[in-house]
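A.B. asks: What follows is a structure written as structure tokens; I'll ask about it next.
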Amino acid sequence: MSEEVGKSLPVRLMEEVGASYRKTALIQKRVRELVRGQRPLYETRETNPIAIALEEVRRGLIELAADDTASL
């Protein structure tokens, strides 16, 4: 069983992002996309867009492109 199961979303988010501006920006951008109706990039029953975005980052499914930082 994964040790992630018992951790709250804020704890998991802090562990993954820490003080990384790039990861924070990436997650914020992806959360906005999910809220606007884009579908998760993996099969899930999760409905929390923050949890979905965090898992997508953890799985390496999304990354911040160089030109994305200019629009932040």
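Numbering starts fresh at 1 for the residues of each chain in the structure tokens, the chains themselves are lettered A, B, ... in the order given, and ligands are numbered from 1 as they appear.
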Excluding A:Ile50 and residues on its chain fewer than 6 positions from it, collect all residues at most 9 Å away from it, counting only C-alpha atoms, and give them as a ChimeraX atom specification.

C.D. replies: /A:9,13,27-28,30-31,34

A.B. asks: Please write the residues from the selection above to a file, keeping N, CA and C atoms, as a PDB file, in the first residue's frame.

C.D. replies:
```pdb
ATOM      1  N   LEU A   9      -4.278  16.073   1.395  1.00  0.00           N
ATOM      2  CA  LEU A   9      -3.923  16.763   0.160  1.00  0.00           C
ATOM      3  C   LEU A   9      -2.948  17.916   0.421  1.00  0.00           C
ATOM      4  N   LEU A  13       0.709  18.033  -1.279  1.00  0.00           N
ATOM      5  CA  LEU A  13       1.030  19.174  -2.130  1.00  0.00           C
ATOM      6  C   LEU A  13       2.320  19.839  -1.663  1.00  0.00           C
ATOM      7  N   ILE A  27       1.063  23.461 -11.517  1.00  0.00           N
ATOM      8  CA  ILE A  27      -0.148  22.939 -10.885  1.00  0.00           C
ATOM      9  C   ILE A  27      -1.283  23.951 -10.989  1.00  0.00           C
ATOM     10  N   GLN A  28      -0.996  25.231 -10.777  1.00  0.00           N
ATOM     11  CA  GLN A  28      -2.037  26.261 -10.895  1.00  0.00           C
ATOM     12  C   GLN A  28      -2.619  26.286 -12.298  1.00  0.00           C
ATOM     13  N   ARG A  30      -2.653  23.860 -14.541  1.00  0.00           N
ATOM     14  CA  ARG A  30      -3.407  22.639 -14.810  1.00  0.00           C
ATOM     15  C   ARG A  30      -4.732  22.618 -14.065  1.00  0.00           C
ATOM     16  N   VAL A  31      -4.757  23.127 -12.833  1.00  0.00           N
ATOM     17  CA  VAL A  31      -6.010  23.198 -12.075  1.00  0.00           C
ATOM     18  C   VAL A  31      -7.005  24.074 -12.825  1.00  0.00           C
ATOM     19  N   LEU A  34      -8.450  22.081 -15.665  1.00  0.00           N
ATOM     20  CA  LEU A  34      -9.400  21.068 -15.197  1.00  0.00           C
ATOM     21  C   LEU A  34     -10.726  21.704 -14.775  1.00  0.00           C
TER      22      LEU A  34
END
```

A.B. asks: Which parts of chain A does DSSP call alpha helix (DSSP H) when run on the backbone here, written out as a VMD selection string?

C.D. replies: chain A and resid 9 to 17 21 to 35 49 to 58

A.B. asks: Would you write out those residues with C-alpha atoms, as a compact mmCIF listing (two decimals), in the first residue's frame?

C.D. replies:
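Contents of part_11.txt, freshly written:
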```
# COMPACT_ATOMS: atom_id res chain seq x y z
CA LEU A 9 -3.92 16.76 0.16
CA PRO A 10 -2.19 19.85 1.66
CA VAL A 11 0.62 17.66 3.03
CA ARG A 12 1.07 15.84 -0.28
CA LEU A 13 1.03 19.17 -2.13
CA MET A 14 3.66 20.69 0.16
CA GLU A 15 5.90 17.63 -0.15
CA GLU A 16 5.66 17.64 -3.96
CA VAL A 17 5.90 21.37 -4.58
CA TYR A 21 7.80 28.30 -8.25
CA ARG A 22 7.81 26.27 -11.48
CA LYS A 23 5.87 23.35 -9.96
CA THR A 24 3.45 25.74 -8.27
CA ALA A 25 2.84 27.53 -11.57
CA LEU A 26 2.41 24.21 -13.38
CA ILE A 27 -0.15 22.94 -10.88
CA GLN A 28 -2.04 26.26 -10.89
CA LYS A 29 -2.23 26.25 -14.69
CA ARG A 30 -3.41 22.64 -14.81
CA VAL A 31 -6.01 23.20 -12.07
CA ARG A 32 -7.46 26.08 -14.12
CA GLU A 33 -7.65 23.81 -17.18
CA LEU A 34 -9.40 21.07 -15.20
CA VAL A 35 -11.87 23.54 -13.66
CA PRO A 49 -8.80 19.31 -9.53
CA ILE A 50 -5.85 20.01 -7.21
CA ALA A 51 -5.45 16.32 -6.40
CA ILE A 52 -5.72 15.42 -10.09
CA ALA A 53 -3.12 18.01 -11.13
CA LEU A 54 -0.77 16.89 -8.37
CA GLU A 55 -1.06 13.26 -9.47
CA GLU A 56 -0.47 14.23 -13.11
CA VAL A 57 2.75 16.00 -12.06
CA ARG A 58 3.80 13.04 -9.91
```
